$ cat final.tsv   # TSV, C-alpha atoms
chain	number	residue	atom	x	y	z
A	961	MET	CA	-173.46	-7.28	-64.09
A	962	SER	CA	-175.04	-4.76	-61.68
A	963	ASP	CA	-173.58	-3.76	-58.30
A	964	TYR	CA	-176.38	-5.70	-56.59
A	965	ASP	CA	-175.50	-8.81	-58.58
A	966	ARG	CA	-171.82	-8.51	-57.71
A	967	ILE	CA	-172.48	-8.23	-53.98
A	968	ALA	CA	-174.97	-11.11	-54.03
A	969	ARG	CA	-172.45	-13.27	-55.90
A	970	ALA	CA	-169.65	-12.25	-53.53
A	971	MET	CA	-171.74	-13.15	-50.45
A	972	ALA	CA	-172.66	-16.50	-51.94
A	973	TYR	CA	-168.99	-17.13	-52.73
A	974	LEU	CA	-168.00	-16.33	-49.13
A	975	VAL	CA	-170.69	-18.60	-47.71
A	976	ASP	CA	-169.64	-21.46	-50.00
A	977	ARG	CA	-165.90	-21.10	-49.28
A	978	ALA	CA	-165.84	-19.85	-45.69
A	979	THR	CA	-163.74	-22.80	-44.50
A	980	THR	CA	-160.96	-22.01	-47.00
A	981	GLN	CA	-160.72	-18.33	-45.98
A	982	PRO	CA	-160.49	-16.80	-49.47
A	983	ALA	CA	-158.37	-13.66	-49.77
A	984	LEU	CA	-159.79	-10.30	-50.82
A	985	GLU	CA	-158.07	-10.61	-54.21
A	986	GLU	CA	-159.72	-13.97	-54.86
A	987	ILE	CA	-163.22	-12.74	-54.01
A	988	ALA	CA	-162.75	-9.57	-56.06
A	989	ALA	CA	-161.62	-11.59	-59.07
A	990	HIS	CA	-164.74	-13.75	-58.79
A	991	VAL	CA	-166.91	-10.67	-59.43
A	992	HIS	CA	-164.47	-9.13	-61.94
A	993	LEU	CA	-163.36	-6.12	-59.88
A	994	SER	CA	-160.09	-4.84	-58.49
A	995	PRO	CA	-159.63	-5.50	-54.76
A	996	TYR	CA	-159.85	-1.76	-54.02
A	997	HIS	CA	-163.12	-1.20	-55.88
A	998	PHE	CA	-164.63	-4.45	-54.60
A	999	GLN	CA	-163.86	-3.56	-50.97
A	1000	ARG	CA	-165.56	-0.18	-51.27
A	1001	LEU	CA	-168.54	-1.58	-53.16
A	1002	PHE	CA	-169.03	-4.39	-50.63
A	1003	CYS	CA	-168.95	-1.94	-47.72
A	1004	ARG	CA	-171.45	0.34	-49.43
A	1005	TRP	CA	-174.06	-2.33	-50.13
A	1006	ALA	CA	-173.40	-4.96	-47.45
A	1007	GLY	CA	-172.73	-2.53	-44.63
A	1008	THR	CA	-169.51	-4.26	-43.53
A	1009	THR	CA	-166.16	-5.35	-44.92
A	1010	PRO	CA	-165.64	-8.67	-46.70
A	1011	LYS	CA	-163.13	-9.64	-44.00
A	1012	ARG	CA	-165.60	-9.03	-41.16
A	1013	PHE	CA	-168.37	-10.85	-43.03
A	1014	LEU	CA	-166.05	-13.84	-43.42
A	1015	GLN	CA	-165.03	-13.72	-39.76
A	1016	VAL	CA	-168.64	-13.98	-38.62
A	1017	LEU	CA	-169.28	-16.82	-41.04
A	1018	THR	CA	-166.39	-18.89	-39.69
A	1019	LEU	CA	-167.27	-18.56	-36.00
A	1020	GLU	CA	-169.33	-21.26	-34.39
A	1021	ARG	CA	-171.91	-18.54	-34.50
A	1022	SER	CA	-175.19	-20.42	-34.40
A	1023	LYS	CA	-174.62	-21.93	-30.97
A	1024	GLU	CA	-173.21	-18.67	-29.68
A	1025	LEU	CA	-176.21	-16.73	-30.95
A	1026	LEU	CA	-178.60	-19.24	-29.46
A	1027	ASP	CA	-176.87	-19.03	-26.09
A	1028	LYS	CA	-176.97	-15.24	-26.11
A	1029	SER	CA	-180.46	-14.80	-27.49
A	1030	ARG	CA	-183.11	-14.08	-24.92
A	1031	SER	CA	-186.26	-16.14	-24.62
A	1032	LEU	CA	-189.08	-15.01	-26.88
A	1033	LEU	CA	-191.13	-14.53	-23.72
A	1034	ASP	CA	-188.72	-11.82	-22.55
A	1035	VAL	CA	-188.75	-9.84	-25.81
A	1036	SER	CA	-191.39	-7.15	-26.08
A	1037	HIS	CA	-191.61	-3.40	-26.28
A	1038	GLU	CA	-187.95	-2.51	-26.65
A	1039	ILE	CA	-187.90	-3.59	-30.31
A	1040	GLY	CA	-187.95	-0.36	-32.31
A	1041	LEU	CA	-185.69	1.87	-34.36
A	1042	SER	CA	-182.02	1.64	-33.49
A	1043	GLY	CA	-179.58	4.53	-33.47
A	1044	SER	CA	-179.14	4.11	-37.21
A	1045	SER	CA	-182.93	4.35	-37.63
A	1046	ARG	CA	-183.16	1.21	-39.72
A	1047	LEU	CA	-186.28	-0.89	-39.84
A	1048	HIS	CA	-186.87	-3.31	-36.99
A	1049	ASP	CA	-189.61	-5.88	-36.87
A	1050	HIS	CA	-191.68	-3.87	-34.42
A	1051	PHE	CA	-192.40	-1.78	-37.50
A	1052	VAL	CA	-193.94	-4.67	-39.37
A	1053	GLN	CA	-197.68	-5.02	-38.79
A	1054	LEU	CA	-199.13	-8.40	-39.69
A	1055	GLU	CA	-202.77	-8.68	-40.72
A	1056	ALA	CA	-204.32	-12.03	-41.56
A	1057	VAL	CA	-206.79	-12.52	-44.38
A	1058	THR	CA	-210.36	-12.18	-43.12
A	1059	PRO	CA	-212.85	-15.07	-43.47
A	1060	GLY	CA	-214.70	-13.01	-46.07
A	1061	GLU	CA	-211.56	-12.46	-48.13
A	1062	TYR	CA	-210.74	-16.15	-47.90
A	1063	LYS	CA	-214.22	-17.10	-49.10
A	1064	ASN	CA	-214.09	-14.60	-51.98
A	1065	LYS	CA	-210.80	-16.08	-53.26
A	1066	GLY	CA	-209.43	-12.65	-54.06
A	1067	LYS	CA	-212.47	-11.31	-55.89
A	1068	GLU	CA	-212.04	-7.55	-56.48
A	1069	LEU	CA	-208.52	-7.81	-55.06
A	1070	ARG	CA	-205.72	-6.18	-57.03
A	1071	ILE	CA	-202.24	-7.64	-56.54
A	1072	GLU	CA	-199.24	-5.75	-57.89
A	1073	TYR	CA	-195.83	-7.37	-58.18
A	1074	GLY	CA	-192.26	-6.61	-59.15
A	1075	VAL	CA	-188.76	-8.12	-59.13
A	1076	HIS	CA	-186.07	-5.99	-57.50
A	1077	PRO	CA	-182.29	-6.25	-57.11
A	1078	THR	CA	-181.03	-6.36	-53.50
A	1079	PRO	CA	-177.67	-6.99	-51.79
A	1080	LEU	CA	-178.99	-10.49	-51.03
A	1081	GLY	CA	-179.98	-11.26	-54.60
A	1082	PRO	CA	-183.07	-10.51	-56.72
A	1083	MET	CA	-186.37	-10.59	-54.85
A	1084	PHE	CA	-189.98	-10.97	-55.90
A	1085	VAL	CA	-192.44	-8.68	-54.07
A	1086	ALA	CA	-196.24	-8.66	-54.30
A	1087	VAL	CA	-198.59	-6.24	-52.53
A	1088	THR	CA	-202.31	-5.72	-52.11
A	1089	GLN	CA	-204.15	-2.59	-51.03
A	1090	ARG	CA	-203.75	-3.78	-47.44
A	1091	GLY	CA	-200.06	-4.63	-47.48
A	1092	VAL	CA	-197.30	-7.00	-48.55
A	1093	CYS	CA	-198.60	-10.48	-49.37
A	1094	ARG	CA	-195.49	-12.14	-50.82
A	1095	VAL	CA	-191.70	-11.71	-50.74
A	1096	GLU	CA	-189.49	-14.41	-52.26
A	1097	PHE	CA	-185.85	-14.86	-53.16
A	1098	MET	CA	-185.53	-15.65	-56.85
A	1099	ASP	CA	-182.70	-18.19	-56.44
A	1100	PHE	CA	-184.72	-21.29	-57.23
A	1101	ASN	CA	-187.84	-19.87	-58.87
A	1102	TYR	CA	-188.89	-18.55	-62.23
A	1103	ILE	CA	-191.24	-15.59	-62.27
A	1104	GLU	CA	-193.92	-17.77	-63.91
A	1105	GLU	CA	-193.84	-20.18	-60.95
A	1106	LEU	CA	-194.22	-17.38	-58.42
A	1107	LEU	CA	-197.13	-15.88	-60.36
A	1108	ASP	CA	-198.78	-19.30	-60.53
A	1109	ASP	CA	-198.51	-19.55	-56.74
A	1110	LEU	CA	-200.19	-16.17	-56.40
A	1111	ARG	CA	-202.98	-17.19	-58.75
A	1112	ASN	CA	-203.54	-20.41	-56.83
A	1113	ALA	CA	-203.76	-18.50	-53.56
A	1114	TRP	CA	-206.00	-15.77	-54.99
A	1115	PRO	CA	-207.71	-17.31	-58.07
A	1116	LEU	CA	-210.18	-14.45	-58.64
A	1117	SER	CA	-207.74	-11.59	-58.09
A	1118	SER	CA	-206.29	-9.21	-60.65
A	1119	ILE	CA	-202.50	-9.61	-60.81
A	1120	VAL	CA	-200.47	-6.92	-62.59
A	1121	GLU	CA	-196.81	-5.97	-62.76
A	1122	SER	CA	-195.92	-2.65	-61.13
A	1123	ILE	CA	-192.34	-2.01	-60.08
A	1124	THR	CA	-193.26	1.43	-58.77
A	1125	SER	CA	-195.92	-0.02	-56.44
A	1126	THR	CA	-193.63	-2.61	-54.89
A	1127	HIS	CA	-190.33	-0.76	-54.66
A	1128	TYR	CA	-191.20	0.83	-51.31
A	1129	VAL	CA	-190.96	-2.62	-49.66
A	1130	ILE	CA	-187.35	-3.08	-50.74
A	1131	ASP	CA	-186.50	0.50	-49.81
A	1132	ALA	CA	-188.07	0.13	-46.37
A	1133	PHE	CA	-186.01	-2.95	-45.57
A	1134	PHE	CA	-182.68	-2.12	-47.16
A	1135	SER	CA	-182.55	1.68	-46.81
A	1136	SER	CA	-182.46	3.11	-43.29
A	1137	ASP	CA	-183.43	6.60	-44.52
A	1138	THR	CA	-186.51	5.31	-46.31
A	1139	ALA	CA	-187.46	3.10	-43.38
A	1140	ALA	CA	-187.42	6.04	-40.99
A	1141	LYS	CA	-189.68	8.09	-43.27
A	1142	HIS	CA	-192.02	5.31	-44.34
A	1143	GLY	CA	-193.19	4.12	-40.93
A	1144	PRO	CA	-194.73	0.70	-40.25
A	1145	LEU	CA	-194.95	-1.85	-43.04
A	1146	SER	CA	-198.20	-3.78	-43.26
A	1147	LEU	CA	-198.32	-7.45	-44.21
A	1148	HIS	CA	-201.47	-9.02	-45.68
A	1149	VAL	CA	-200.98	-12.77	-45.37
A	1150	LYS	CA	-203.05	-15.87	-45.87
A	1151	GLY	CA	-202.62	-18.83	-43.50
A	1152	THR	CA	-204.21	-20.99	-40.86
A	1153	ASN	CA	-204.70	-19.58	-37.36
A	1154	PHE	CA	-201.71	-21.57	-36.15
A	1155	GLN	CA	-199.47	-20.42	-39.01
A	1156	VAL	CA	-200.37	-16.78	-38.39
A	1157	ALA	CA	-199.64	-17.21	-34.66
A	1158	VAL	CA	-196.21	-18.65	-35.48
A	1159	TRP	CA	-195.45	-15.80	-37.90
A	1160	ARG	CA	-196.42	-13.25	-35.25
A	1161	ALA	CA	-194.07	-14.95	-32.80
A	1162	LEU	CA	-191.18	-14.68	-35.27
A	1163	LEU	CA	-191.63	-10.90	-35.35
A	1164	LYS	CA	-190.62	-10.82	-31.67
A	1165	ILE	CA	-187.14	-12.23	-32.31
A	1166	PRO	CA	-184.79	-9.23	-32.39
A	1167	PRO	CA	-182.57	-8.65	-35.43
A	1168	GLY	CA	-179.22	-10.39	-35.01
A	1169	ALA	CA	-180.69	-12.90	-32.54
A	1170	VAL	CA	-182.02	-16.39	-33.09
A	1171	ALA	CA	-184.47	-18.76	-31.41
A	1172	SER	CA	-184.89	-22.51	-31.63
A	1173	TYR	CA	-187.99	-24.21	-32.97
A	1174	SER	CA	-188.76	-25.43	-29.45
A	1175	GLN	CA	-188.47	-21.89	-28.04
A	1176	VAL	CA	-191.01	-20.67	-30.56
A	1177	ALA	CA	-193.32	-23.55	-29.67
A	1178	THR	CA	-192.97	-22.76	-25.96
A	1179	ALA	CA	-193.75	-19.09	-26.58
A	1180	LEU	CA	-197.01	-20.25	-28.19
A	1181	ASN	CA	-197.84	-22.51	-25.24
A	1182	ALA	CA	-197.40	-25.46	-27.58
A	1183	ALA	CA	-194.18	-26.98	-26.28
A	1184	GLN	CA	-194.90	-30.36	-27.88
A	1185	SER	CA	-195.53	-28.85	-31.30
A	1186	ALA	CA	-192.02	-27.99	-32.48
A	1187	ARG	CA	-192.53	-30.00	-35.69
A	1188	ALA	CA	-195.77	-28.15	-36.46
A	1189	VAL	CA	-193.97	-24.89	-35.76
A	1190	GLY	CA	-191.29	-25.92	-38.25
A	1191	ASN	CA	-193.93	-26.62	-40.89
A	1192	ALA	CA	-195.55	-23.22	-40.31
A	1193	ILE	CA	-192.18	-21.49	-40.57
A	1194	GLY	CA	-191.52	-23.32	-43.83
A	1195	ALA	CA	-194.81	-21.97	-45.19
A	1196	ASN	CA	-193.84	-18.34	-44.51
A	1197	PRO	CA	-194.89	-16.33	-47.59
A	1198	VAL	CA	-192.92	-13.16	-46.78
A	1199	ALA	CA	-189.14	-13.60	-46.65
A	1200	LEU	CA	-187.09	-11.27	-44.44
A	1201	LEU	CA	-190.07	-9.27	-43.14
A	1202	ILE	CA	-191.36	-12.37	-41.34
A	1203	PRO	CA	-187.91	-13.47	-40.12
A	1204	CYS	CA	-187.99	-17.25	-40.44
A	1205	HIS	CA	-184.22	-17.05	-41.02
A	1206	ARG	CA	-183.83	-16.37	-37.27
A	1207	VAL	CA	-185.03	-19.84	-36.24
A	1208	ILE	CA	-182.44	-22.63	-35.93
A	1209	GLN	CA	-182.24	-26.07	-34.37
A	1210	HIS	CA	-181.66	-26.43	-30.63
A	1211	SER	CA	-178.28	-28.04	-31.40
A	1212	GLY	CA	-177.14	-24.85	-33.14
A	1213	ALA	CA	-177.50	-26.32	-36.63
A	1214	LEU	CA	-179.07	-24.01	-39.18
A	1215	GLY	CA	-182.13	-26.13	-39.85
A	1216	GLY	CA	-184.19	-25.89	-43.00
A	1217	TYR	CA	-184.90	-22.81	-45.09
A	1218	ARG	CA	-187.24	-22.41	-48.01
A	1219	TRP	CA	-184.49	-20.80	-50.08
A	1220	GLY	CA	-181.63	-23.08	-49.04
A	1221	PRO	CA	-179.19	-23.19	-46.08
A	1222	ALA	CA	-176.56	-21.06	-47.85
A	1223	LYS	CA	-179.09	-18.25	-48.29
A	1224	LYS	CA	-180.18	-18.58	-44.66
A	1225	LEU	CA	-176.61	-18.23	-43.43
A	1226	MET	CA	-176.05	-15.30	-45.79
A	1227	VAL	CA	-179.13	-13.47	-44.49
A	1228	GLN	CA	-178.26	-14.11	-40.84
A	1229	THR	CA	-174.70	-12.84	-41.30
A	1230	TRP	CA	-175.73	-9.80	-43.31
A	1231	GLU	CA	-178.37	-8.89	-40.74
A	1232	LYS	CA	-175.95	-9.18	-37.84
A	1233	MET	CA	-173.44	-6.98	-39.65
A	1234	ARG	CA	-175.86	-4.16	-40.50
A	1235	ASP	CA	-175.38	-2.18	-37.30
A	1236	GLU	CA	-171.63	-2.67	-36.97
A	1237	PRO	CA	-169.51	0.34	-37.91
A	1238	VAL	CA	-167.74	-0.05	-41.24
A	1239	SER	CA	-163.99	0.49	-41.36
A	1240	LEU	CA	-162.13	0.32	-44.63
$ encode --input "final.tsv" --output "structure tokens"
Amino acid sequence: MSDYDRIARAMAYLVDRATTQPALEEIAAHVHLSPYHFQRLFCRWAGTTPKRFLQVLTLERSKELLDKSRSLLDVSHEIGLSGSSRLHDHFVQLEAVTPGEYKNKGKELRIEYGVHPTPLGPMFVAVTQRGVCRVEFMDFNYIEELLDDLRNAWPLSSIVESITSTHYVIDAFFSSDTAAKHGPLSLHVKGTNFQVAVWRALLKIPPGAVASYSQVATALNAAQSARAVGNAIGANPVALLIPCHRVIQHSGALGGYRWGPAKKLMVQTWEKMRDEPVSL
């Protein structure tokens, strides 16, 4: 089992058993490590201690976040690189497929893909010459299913495996050093005009904050379209980089997530912890 796998399993274990407050020894045993080595490994890859991660999980955090989060309409130019120089969503540039590309169905388009380990579990990444077109958690999907989805979206494209061509996406998101050197990440996505507008709105929600479906709808001048907004969010093809995990129900409930509510809670908690100082 790799270090990435151990941290992903440990996070999932914490999410599943947050109400029982498992001790460090119990979590460490679950991933077959001593408490000492597990603590250090978790801090290295998750950016916080297991205890702090568990504390955030057990707070009534969704309502608190929603109360503290500013309106999407008030969020603009201040989103950039933090003191730790990690990637923020201001450094994600979203480009929609052109009408010509849509009509050509991917003709002369080369798509390269790879599966990479991350602290949040293995992830599937696909890129074109213009940017990232797909990022998926592998929790509920086989690689064949994800490739079939790509072929259906781009039937005339050339799809090839290339770990070296896709690794920069994972580095840019999970490594602050790489993010600072790489600069803006480009996304090359295919969707309706409304879907693309919703995805652009999600990029304005700051890391660690959340918005409700109705807030997103209001920001798009479509206050009566919260359900349509939810459908567009559910169709998001690029996990993490288009942060659909930051949208919750007005009541504070998590709401749906393409990769399951446990994964959504895991991502939210991990993201909120990234900038907190780590103390062993």
$ closest_residue --input "final.tsv" --among "A:Trp1159, A:Tyr964, A:Tyr1173, A:Trp1230" --to "A:Arg1187" --atoms "all atoms listed in the file"
A:Tyr1173
$ residues_near_point --input "final.tsv" --point "(-190.0, -19.2, -34.3)" --cutoff "10 Å" --atoms "all atoms listed in the file" --output "PyMOL selection string"
chain A and resi 1032+1157-1165+1170-1180+1186+1189-1190+1192-1193+1202-1208
$ write_last_selection --input "final.tsv" --atoms "C-alpha atoms" --output "mmCIF file, in the coordinates of the input"
data_model
loop_
_atom_site.group_PDB
_atom_site.id
_atom_site.type_symbol
_atom_site.label_atom_id
_atom_site.label_comp_id
_atom_site.auth_asym_id
_atom_site.auth_seq_id
_atom_site.Cartn_x
_atom_site.Cartn_y
_atom_site.Cartn_z
ATOM 1 C CA LEU A 1032 -189.080 -15.010 -26.880
ATOM 2 C CA ALA A 1157 -199.640 -17.210 -34.660
ATOM 3 C CA VAL A 1158 -196.210 -18.650 -35.480
ATOM 4 C CA TRP A 1159 -195.450 -15.800 -37.900
ATOM 5 C CA ARG A 1160 -196.420 -13.250 -35.250
ATOM 6 C CA ALA A 1161 -194.070 -14.950 -32.800
ATOM 7 C CA LEU A 1162 -191.180 -14.680 -35.270
ATOM 8 C CA LEU A 1163 -191.630 -10.900 -35.350
ATOM 9 C CA LYS A 1164 -190.620 -10.820 -31.670
ATOM 10 C CA ILE A 1165 -187.140 -12.230 -32.310
ATOM 11 C CA VAL A 1170 -182.020 -16.390 -33.090
ATOM 12 C CA ALA A 1171 -184.470 -18.760 -31.410
ATOM 13 C CA SER A 1172 -184.890 -22.510 -31.630
ATOM 14 C CA TYR A 1173 -187.990 -24.210 -32.970
ATOM 15 C CA SER A 1174 -188.760 -25.430 -29.450
ATOM 16 C CA GLN A 1175 -188.470 -21.890 -28.040
ATOM 17 C CA VAL A 1176 -191.010 -20.670 -30.560
ATOM 18 C CA ALA A 1177 -193.320 -23.550 -29.670
ATOM 19 C CA THR A 1178 -192.970 -22.760 -25.960
ATOM 20 C CA ALA A 1179 -193.750 -19.090 -26.580
ATOM 21 C CA LEU A 1180 -197.010 -20.250 -28.190
ATOM 22 C CA ALA A 1186 -192.020 -27.990 -32.480
ATOM 23 C CA VAL A 1189 -193.970 -24.890 -35.760
ATOM 24 C CA GLY A 1190 -191.290 -25.920 -38.250
ATOM 25 C CA ALA A 1192 -195.550 -23.220 -40.310
ATOM 26 C CA ILE A 1193 -192.180 -21.490 -40.570
ATOM 27 C CA ILE A 1202 -191.360 -12.370 -41.340
ATOM 28 C CA PRO A 1203 -187.910 -13.470 -40.120
ATOM 29 C CA CYS A 1204 -187.990 -17.250 -40.440
ATOM 30 C CA HIS A 1205 -184.220 -17.050 -41.020
ATOM 31 C CA ARG A 1206 -183.830 -16.370 -37.270
ATOM 32 C CA VAL A 1207 -185.030 -19.840 -36.240
ATOM 33 C CA ILE A 1208 -182.440 -22.630 -35.930
#
$ closest_residue --input "final.tsv" --among "A:Ala1222, A:Ala1113, A:Ala1199, A:Ala1183" --to "A:Phe1084" --atoms "all atoms listed in the file"
A:Ala1199
$ atom_distance --input "final.tsv" --atom1 "atom CA of A:Arg1004" --atom2 "atom CA of A:Arg966"
12.1 Å
$ residues_around --input "final.tsv" --residues "A:Asp1099" --least-positions-apart "4" --cutoff "8 Å" --atoms "all atoms listed in the file" --output "ChimeraX atom specification"
/A:1081-1082,1219
$ closest_residue --input "final.tsv" --among "A:Tyr1073, A:Tyr1102, A:Phe998, A:Phe1154" --to "A:Tyr1128" --atoms "all atoms listed in the file"
A:Tyr1073
$ atom_distance --input "final.tsv" --atom1 "atom CA of A:Gly1091" --atom2 "atom CA of A:Phe1134"
17.6 Å
$ closest_residue --input "final.tsv" --among "A:Val1085, A:Leu1110, A:Ala1195, A:Leu1017" --to "A:Val1156" --atoms "all atoms listed in the file"
A:Ala1195
$ closest_residue --input "final.tsv" --among "A:Trp1005, A:Tyr996, A:Tyr973, A:Phe1097" --to "A:Val1198" --atoms "all atoms listed in the file"
A:Phe1097
$ atom_distance --input "final.tsv" --atom1 "atom CA of A:Thr1229" --atom2 "atom CA of A:Gly1168"
8.1 Å
$ closest_residue --input "final.tsv" --among "A:Gln999, A:Thr1009, A:Gln1209, A:Gln1053" --to "A:Ser1146" --atoms "only C-alpha atoms"
A:Gln1053
$ residues_around --input "final.tsv" --residues "A:His1076" --least-positions-apart "6" --cutoff "12 Å" --atoms "all atoms listed in the file" --output "ChimeraX atom specification"
/A:962,964-965,1082-1086,1095-1098,1103,1121-1131,1134
$ write_last_selection --input "final.tsv" --atoms "C-alpha atoms" --output "PDB file, in the coordinates of the input"
ATOM      1  CA  SER A 962    -175.040  -4.760 -61.680  1.00  0.00           C
ATOM      2  CA  TYR A 964    -176.380  -5.700 -56.590  1.00  0.00           C
ATOM      3  CA  ASP A 965    -175.500  -8.810 -58.580  1.00  0.00           C
ATOM      4  CA  PRO A1082    -183.070 -10.510 -56.720  1.00  0.00           C
ATOM      5  CA  MET A1083    -186.370 -10.590 -54.850  1.00  0.00           C
ATOM      6  CA  PHE A1084    -189.980 -10.970 -55.900  1.00  0.00           C
ATOM      7  CA  VAL A1085    -192.440  -8.680 -54.070  1.00  0.00           C
ATOM      8  CA  ALA A1086    -196.240  -8.660 -54.300  1.00  0.00           C
ATOM      9  CA  VAL A1095    -191.700 -11.710 -50.740  1.00  0.00           C
ATOM     10  CA  GLU A1096    -189.490 -14.410 -52.260  1.00  0.00           C
ATOM     11  CA  PHE A1097    -185.850 -14.860 -53.160  1.00  0.00           C
ATOM     12  CA  MET A1098    -185.530 -15.650 -56.850  1.00  0.00           C
ATOM     13  CA  ILE A1103    -191.240 -15.590 -62.270  1.00  0.00           C
ATOM     14  CA  GLU A1121    -196.810  -5.970 -62.760  1.00  0.00           C
ATOM     15  CA  SER A1122    -195.920  -2.650 -61.130  1.00  0.00           C
ATOM     16  CA  ILE A1123    -192.340  -2.010 -60.080  1.00  0.00           C
ATOM     17  CA  THR A1124    -193.260   1.430 -58.770  1.00  0.00           C
ATOM     18  CA  SER A1125    -195.920  -0.020 -56.440  1.00  0.00           C
ATOM     19  CA  THR A1126    -193.630  -2.610 -54.890  1.00  0.00           C
ATOM     20  CA  HIS A1127    -190.330  -0.760 -54.660  1.00  0.00           C
ATOM     21  CA  TYR A1128    -191.200   0.830 -51.310  1.00  0.00           C
ATOM     22  CA  VAL A1129    -190.960  -2.620 -49.660  1.00  0.00           C
ATOM     23  CA  ILE A1130    -187.350  -3.080 -50.740  1.00  0.00           C
ATOM     24  CA  ASP A1131    -186.500   0.500 -49.810  1.00  0.00           C
ATOM     25  CA  PHE A1134    -182.680  -2.120 -47.160  1.00  0.00           C
TER      26      PHE A1134
END
$ residues_around --input "final.tsv" --residues "A:Leu1080" --least-positions-apart "5" --cutoff "8 Å" --atoms "only C-alpha atoms" --output "list in words"
Tyr964, Ile967, Ala968, Met971, Met1226 and Val1227 of chain A
$ residues_around --input "final.tsv" --residues "A:Val1057" --least-positions-apart "2" --cutoff "8 Å" --atoms "only C-alpha atoms" --output "PyMOL selection string"
chain A and resi 1055+1059+1061-1062+1148-1151
$ build_atoms --input "final.tsv" --residues "stretch 1094-1105 of chain A" --atoms "N, CA, C and O atoms" --output "PDB file, in the coordinates of the input"
ATOM      1  N   ARG A1094    -196.479 -11.145 -50.412  1.00  0.00           N
ATOM      2  CA  ARG A1094    -195.490 -12.140 -50.820  1.00  0.00           C
ATOM      3  C   ARG A1094    -194.126 -11.473 -51.019  1.00  0.00           C
ATOM      4  O   ARG A1094    -194.018 -10.432 -51.666  1.00  0.00           O
ATOM      5  N   VAL A1095    -193.083 -12.084 -50.455  1.00  0.00           N
ATOM      6  CA  VAL A1095    -191.700 -11.710 -50.740  1.00  0.00           C
ATOM      7  C   VAL A1095    -190.913 -13.001 -50.878  1.00  0.00           C
ATOM      8  O   VAL A1095    -190.945 -13.849 -49.972  1.00  0.00           O
ATOM      9  N   GLU A1096    -190.220 -13.164 -51.987  1.00  0.00           N
ATOM     10  CA  GLU A1096    -189.490 -14.410 -52.260  1.00  0.00           C
ATOM     11  C   GLU A1096    -188.117 -14.095 -52.847  1.00  0.00           C
ATOM     12  O   GLU A1096    -187.973 -13.175 -53.651  1.00  0.00           O
ATOM     13  N   PHE A1097    -187.119 -14.879 -52.438  1.00  0.00           N
ATOM     14  CA  PHE A1097    -185.850 -14.860 -53.160  1.00  0.00           C
ATOM     15  C   PHE A1097    -186.055 -15.581 -54.494  1.00  0.00           C
ATOM     16  O   PHE A1097    -186.811 -16.543 -54.588  1.00  0.00           O
ATOM     17  N   MET A1098    -185.361 -15.099 -55.511  1.00  0.00           N
ATOM     18  CA  MET A1098    -185.530 -15.650 -56.850  1.00  0.00           C
ATOM     19  C   MET A1098    -184.555 -16.787 -57.165  1.00  0.00           C
ATOM     20  O   MET A1098    -184.533 -17.282 -58.293  1.00  0.00           O
ATOM     21  N   ASP A1099    -183.774 -17.226 -56.191  1.00  0.00           N
ATOM     22  CA  ASP A1099    -182.700 -18.190 -56.440  1.00  0.00           C
ATOM     23  C   ASP A1099    -183.164 -19.458 -57.148  1.00  0.00           C
ATOM     24  O   ASP A1099    -182.488 -19.971 -58.031  1.00  0.00           O
ATOM     25  N   PHE A1100    -184.290 -20.001 -56.702  1.00  0.00           N
ATOM     26  CA  PHE A1100    -184.720 -21.290 -57.230  1.00  0.00           C
ATOM     27  C   PHE A1100    -186.063 -21.216 -57.958  1.00  0.00           C
ATOM     28  O   PHE A1100    -186.688 -22.240 -58.218  1.00  0.00           O
ATOM     29  N   ASN A1101    -186.522 -20.021 -58.280  1.00  0.00           N
ATOM     30  CA  ASN A1101    -187.840 -19.870 -58.870  1.00  0.00           C
ATOM     31  C   ASN A1101    -187.804 -19.032 -60.137  1.00  0.00           C
ATOM     32  O   ASN A1101    -187.037 -18.073 -60.236  1.00  0.00           O
ATOM     33  N   TYR A1102    -188.633 -19.403 -61.086  1.00  0.00           N
ATOM     34  CA  TYR A1102    -188.890 -18.550 -62.230  1.00  0.00           C
ATOM     35  C   TYR A1102    -190.097 -17.669 -61.904  1.00  0.00           C
ATOM     36  O   TYR A1102    -190.953 -18.043 -61.090  1.00  0.00           O
ATOM     37  N   ILE A1103    -190.152 -16.514 -62.537  1.00  0.00           N
ATOM     38  CA  ILE A1103    -191.240 -15.590 -62.270  1.00  0.00           C
ATOM     39  C   ILE A1103    -192.594 -16.241 -62.558  1.00  0.00           C
ATOM     40  O   ILE A1103    -193.574 -16.008 -61.845  1.00  0.00           O
ATOM     41  N   GLU A1104    -192.659 -17.103 -63.572  1.00  0.00           N
ATOM     42  CA  GLU A1104    -193.920 -17.770 -63.910  1.00  0.00           C
ATOM     43  C   GLU A1104    -194.408 -18.654 -62.761  1.00  0.00           C
ATOM     44  O   GLU A1104    -195.609 -18.728 -62.491  1.00  0.00           O
ATOM     45  N   GLU A1105    -193.470 -19.325 -62.081  1.00  0.00           N
ATOM     46  CA  GLU A1105    -193.840 -20.180 -60.950  1.00  0.00           C
ATOM     47  C   GLU A1105    -194.393 -19.361 -59.794  1.00  0.00           C
ATOM     48  O   GLU A1105    -195.381 -19.746 -59.150  1.00  0.00           O
TER      49      GLU A1105
END
